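As structure tokens, the structure follows; a few thoughts come after it.
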Amino acid sequence: MPVSVIQRLPLIVTMAALLLVVSVACGGESKATPSPTATLAPSPTSSPTVTPEPVAVGEGNGLTPEQEACLVEAIGERAVREAKTGQRPPTSDEVDALIGCGIMEPKPDFALLPEVSAPAGLGTVAWPNNFQESSALFERLPSEFAGHRIKARFEQSALGVFSTTYEEDPKTPNTVMGMTVHDLTKGAFFPPDANAGQFVALYAGGADWEVLAAGREGDLAWVQWKTGGIYTMHWGNAPSSIVFQAMANDLSVLMALVEAMVSAARE
């Protein structure tokens with residue numbers, strides 16, 4: 001796998017992190033993307049609520065008069081004034097009001113994924129929930145795959161991201177072939193309470209990538225998607241912060257990588 005592809009992974013992760021929290025309309029300052037410093041906190045029903053960073057509201061911030069009137073009616077003028085000055089983040093009730101008034105988009109929700117058996121037997125094995133167990137799993141991956149020798153095994157490629165990659169074929173440069181484990185709590189981009197279920201639900205919603213398939217099997221969330229000629233699969237236990245990934249230029253190679261991960265997890 002070329003270095004450029006490995007370096008691209010943190011960028012993809014960063015984009016996902018920005019989308020994972022919330023989308024807040026802020027017009028004049030071009031802040032259409034969510035805040036990477038927002039937090040996701042579980043509610044009593046185990047469905048996480050979104051707490052974005054303080055965001056100014058009102059004139060000059062892209063709200064329509066109808067949206068601002070809706071917000072004042074829902075949370076009161078005092079709360080709106082506090083939001084304008086950024087004195088504090090909104091409460092969960094205020095977040096509901098922001099969503100209800102069309103100012104904020106709802107969070108990605110694991111429960112909205114369709115109940116579909118995961119491909120390649122992903123749902124038939126127990127997946128690690130920490131880096132230590134993941135390291136042991138990656139040690140069991142083959143040293144050669146589809147004629148490509150291993151290039152790096154469980155090598156840190158970004159904060160909270162470890163990858164196993166295979167050598168590219170000189171005859172076919174820019175070959176992408178590798179697996180990754182990502183701890184959402186370790187990086188600087190994701191909310192500390194973000195979990196694999198939310199991460200997968202985000203990708204399953206699509207954006208500037210093509211979603212090929214997605215679903216949930218028990219607590220396991222999974223999604224298969226494509227962008228720029230690269231096929232990717234993410235999966236992980238919904239309550240866990242650990243997300244697994246496989247990447248390849250070819251869909252059949254991607255699935256073979258996933259099967260290799262499943263075999264290693266069975267051992």
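Residues are referred to by chain and number: the chain letter is A, B, ... according to the order shown in the structure tokens, the number counts from 1 in that chain, and ligands are numbered separately from 1 in the order shown.
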
Would you mind listing what lies within 8 Å of stretch 228-238 of chain A as JSON, numbers by chain, with only C-alpha atoms counted and same-chain residues fewer than 2 positions away left out? {"A": [110, 127, 129, 176, 195, 196, 197, 198, 200, 219, 220, 221, 222, 223, 224, 225, 226, 240, 242, 243, 244, 245, 246, 247, 248, 249, 250, 251, 254]}

For the contact check between stretch 220-266 of chain A and stretch 143-156 of chain A, emit one row per residue of stretch 220-266 of chain A within 9 Å, containing the shortest atom pair and the distance in Å rounded to one decimal, counting only C-alpha atoms, chain then rising number order, as CSV.
```
residue,atom,partner,partner_atom,distance
A:Val253,CA,A:Ala146,CA,8.1
A:Ala256,CA,A:Ala146,CA,8.8
A:Leu257,CA,A:Phe145,CA,8.3
```

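Closest approach to A:Gly215 among A:Ala201, A:Val258, A:Leu159, A:Leu141: A:Ala201, based on only C-alpha atoms.
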
Counting only C-alpha atoms, figure out which residue out of A:Ala126, A:Leu113, A:Met177, A:Met255 gets nearest to A:Leu202. A:Leu113

Among the residues of stretch 128-221 of chain A, find those DSSP assigns to helix (DSSP H, G or I) from the backbone and print them as a ChimeraX atom specification. /A:131-139,196-205

Quick one, how far is atom CA of A:Thr91 from atom CA of A:Leu63? 19.5 Å

Members of stretch 142-234 of chain A assigned strand (DSSP E or B) by DSSP, as a PyMOL selection string: chain A and resi 144-145+148-158+161-166+169+172+177-183+210-217+220-227+230-234

Output for the residues just chosen: N, CA and C atoms as a short mmCIF file (atom, residue, chain, number, x, y, z; two decimals), in the first residue's frame:
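Produced file part27.cif, reproduced below:
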```cif
data_model
loop_
_atom_site.label_atom_id
_atom_site.label_comp_id
_atom_site.auth_asym_id
_atom_site.auth_seq_id
_atom_site.Cartn_x
_atom_site.Cartn_y
_atom_site.Cartn_z
N GLU A 144 1.50 -13.16 3.90
CA GLU A 144 1.36 -12.92 2.47
C GLU A 144 -0.10 -13.04 2.12
N PHE A 145 -0.55 -12.13 1.25
CA PHE A 145 -1.97 -12.14 0.89
C PHE A 145 -2.11 -11.84 -0.60
N HIS A 148 0.91 -10.80 -2.29
CA HIS A 148 1.57 -9.61 -1.79
C HIS A 148 2.11 -9.87 -0.38
N ARG A 149 3.38 -9.57 -0.19
CA ARG A 149 3.98 -9.76 1.14
C ARG A 149 3.57 -8.63 2.07
N ILE A 150 3.58 -8.94 3.34
CA ILE A 150 3.20 -7.93 4.33
C ILE A 150 4.24 -6.81 4.36
N LYS A 151 3.77 -5.60 4.45
CA LYS A 151 4.65 -4.43 4.49
C LYS A 151 4.81 -3.91 5.91
N ALA A 152 3.70 -3.85 6.62
CA ALA A 152 3.73 -3.37 8.02
C ALA A 152 2.62 -4.08 8.77
N ARG A 153 2.93 -4.49 10.00
CA ARG A 153 1.93 -5.19 10.80
C ARG A 153 1.64 -4.39 12.07
N PHE A 154 0.40 -3.97 12.21
CA PHE A 154 -0.05 -3.21 13.37
C PHE A 154 0.85 -1.99 13.61
N GLU A 155 1.05 -1.24 12.54
CA GLU A 155 1.87 -0.04 12.59
C GLU A 155 0.98 1.18 12.80
N GLN A 156 1.37 2.07 13.70
CA GLN A 156 0.56 3.26 13.95
C GLN A 156 0.63 4.17 12.74
N SER A 157 -0.52 4.49 12.16
CA SER A 157 -0.59 5.35 10.98
C SER A 157 -1.23 6.69 11.30
N ALA A 158 -1.82 6.82 12.46
CA ALA A 158 -2.41 8.07 12.93
C ALA A 158 -2.71 7.89 14.41
N VAL A 161 -4.89 4.97 15.51
CA VAL A 161 -5.10 4.15 14.32
C VAL A 161 -3.88 3.27 14.07
N PHE A 162 -4.11 1.96 13.98
CA PHE A 162 -3.03 1.01 13.68
C PHE A 162 -3.42 0.19 12.45
N SER A 163 -2.45 -0.01 11.55
CA SER A 163 -2.74 -0.66 10.27
C SER A 163 -1.79 -1.81 9.97
N THR A 164 -2.31 -2.78 9.26
CA THR A 164 -1.51 -3.84 8.65
C THR A 164 -1.68 -3.69 7.14
N THR A 165 -0.58 -3.52 6.43
CA THR A 165 -0.64 -3.28 4.99
C THR A 165 0.23 -4.29 4.25
N TYR A 166 -0.06 -4.43 2.96
CA TYR A 166 0.68 -5.38 2.12
C TYR A 166 1.35 -4.63 0.97
N ASP A 169 2.00 -4.23 -5.89
CA ASP A 169 2.58 -4.92 -7.04
C ASP A 169 3.23 -3.90 -7.96
N THR A 172 1.27 -3.11 -10.91
CA THR A 172 0.01 -2.39 -10.67
C THR A 172 0.22 -1.40 -9.53
N MET A 177 -4.27 -2.29 -0.21
CA MET A 177 -4.58 -3.58 0.39
C MET A 177 -4.16 -3.55 1.86
N GLY A 178 -5.11 -3.48 2.75
CA GLY A 178 -4.75 -3.44 4.15
C GLY A 178 -5.95 -3.43 5.08
N MET A 179 -5.64 -3.62 6.36
CA MET A 179 -6.65 -3.61 7.41
C MET A 179 -6.23 -2.63 8.49
N THR A 180 -7.22 -2.11 9.19
CA THR A 180 -6.96 -1.08 10.20
C THR A 180 -7.88 -1.29 11.40
N VAL A 181 -7.37 -0.91 12.58
CA VAL A 181 -8.22 -0.81 13.77
C VAL A 181 -8.10 0.61 14.28
N HIS A 182 -9.22 1.18 14.67
CA HIS A 182 -9.27 2.58 15.06
C HIS A 182 -10.02 2.71 16.38
N ASP A 183 -9.37 3.30 17.36
CA ASP A 183 -10.03 3.58 18.64
C ASP A 183 -10.51 5.01 18.63
N GLU A 210 -20.15 6.26 -2.11
CA GLU A 210 -21.25 5.39 -2.51
C GLU A 210 -21.42 4.25 -1.51
N VAL A 211 -22.56 4.15 -0.89
CA VAL A 211 -22.83 3.07 0.06
C VAL A 211 -23.29 1.84 -0.72
N LEU A 212 -22.57 0.74 -0.55
CA LEU A 212 -22.90 -0.50 -1.26
C LEU A 212 -23.82 -1.39 -0.44
N ALA A 213 -23.61 -1.44 0.85
CA ALA A 213 -24.45 -2.26 1.74
C ALA A 213 -24.15 -1.86 3.17
N ALA A 214 -25.12 -2.07 4.05
CA ALA A 214 -24.93 -1.74 5.47
C ALA A 214 -25.99 -2.45 6.28
N GLY A 215 -25.71 -2.65 7.56
CA GLY A 215 -26.69 -3.27 8.41
C GLY A 215 -26.17 -3.51 9.81
N ARG A 216 -26.97 -4.21 10.59
CA ARG A 216 -26.58 -4.58 11.96
C ARG A 216 -27.00 -6.02 12.20
N GLU A 217 -26.16 -6.74 12.89
CA GLU A 217 -26.43 -8.12 13.28
C GLU A 217 -26.14 -8.24 14.76
N LEU A 220 -23.39 -5.97 16.31
CA LEU A 220 -22.39 -5.69 15.28
C LEU A 220 -22.96 -4.75 14.22
N ALA A 221 -22.26 -3.66 13.98
CA ALA A 221 -22.62 -2.73 12.91
C ALA A 221 -21.61 -2.88 11.78
N TRP A 222 -22.08 -2.80 10.54
CA TRP A 222 -21.16 -2.94 9.40
C TRP A 222 -21.65 -2.11 8.23
N VAL A 223 -20.70 -1.66 7.41
CA VAL A 223 -21.03 -0.89 6.22
C VAL A 223 -19.94 -1.12 5.18
N GLN A 224 -20.36 -1.19 3.94
CA GLN A 224 -19.45 -1.37 2.81
C GLN A 224 -19.69 -0.19 1.87
N TRP A 225 -18.60 0.52 1.51
CA TRP A 225 -18.76 1.70 0.68
C TRP A 225 -17.59 1.86 -0.27
N LYS A 226 -17.74 2.79 -1.20
CA LYS A 226 -16.73 2.98 -2.24
C LYS A 226 -16.56 4.46 -2.53
N THR A 227 -15.31 4.88 -2.76
CA THR A 227 -15.02 6.23 -3.21
C THR A 227 -13.66 6.25 -3.88
N ILE A 230 -11.68 3.04 -4.50
CA ILE A 230 -11.27 2.23 -3.35
C ILE A 230 -12.50 1.72 -2.61
N TYR A 231 -12.51 0.42 -2.38
CA TYR A 231 -13.59 -0.22 -1.63
C TYR A 231 -13.19 -0.33 -0.16
N THR A 232 -14.13 -0.01 0.72
CA THR A 232 -13.85 -0.02 2.15
C THR A 232 -14.99 -0.68 2.90
N MET A 233 -14.64 -1.40 3.96
CA MET A 233 -15.65 -1.93 4.87
C MET A 233 -15.27 -1.55 6.30
N HIS A 234 -16.24 -1.03 7.05
CA HIS A 234 -16.09 -0.74 8.48
C HIS A 234 -17.02 -1.67 9.26
#
```

Atom CA of A:Ser134 and atom CA of A:Pro192 are how many Å apart?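 Rounded to one decimal, the two atoms are 19.6 Å apart.
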
Using only C-alpha atoms, the best pick from A:Leu71, A:Val80, A:Ala120, A:Cys101 as closest to A:Met261 would be A:Ala120
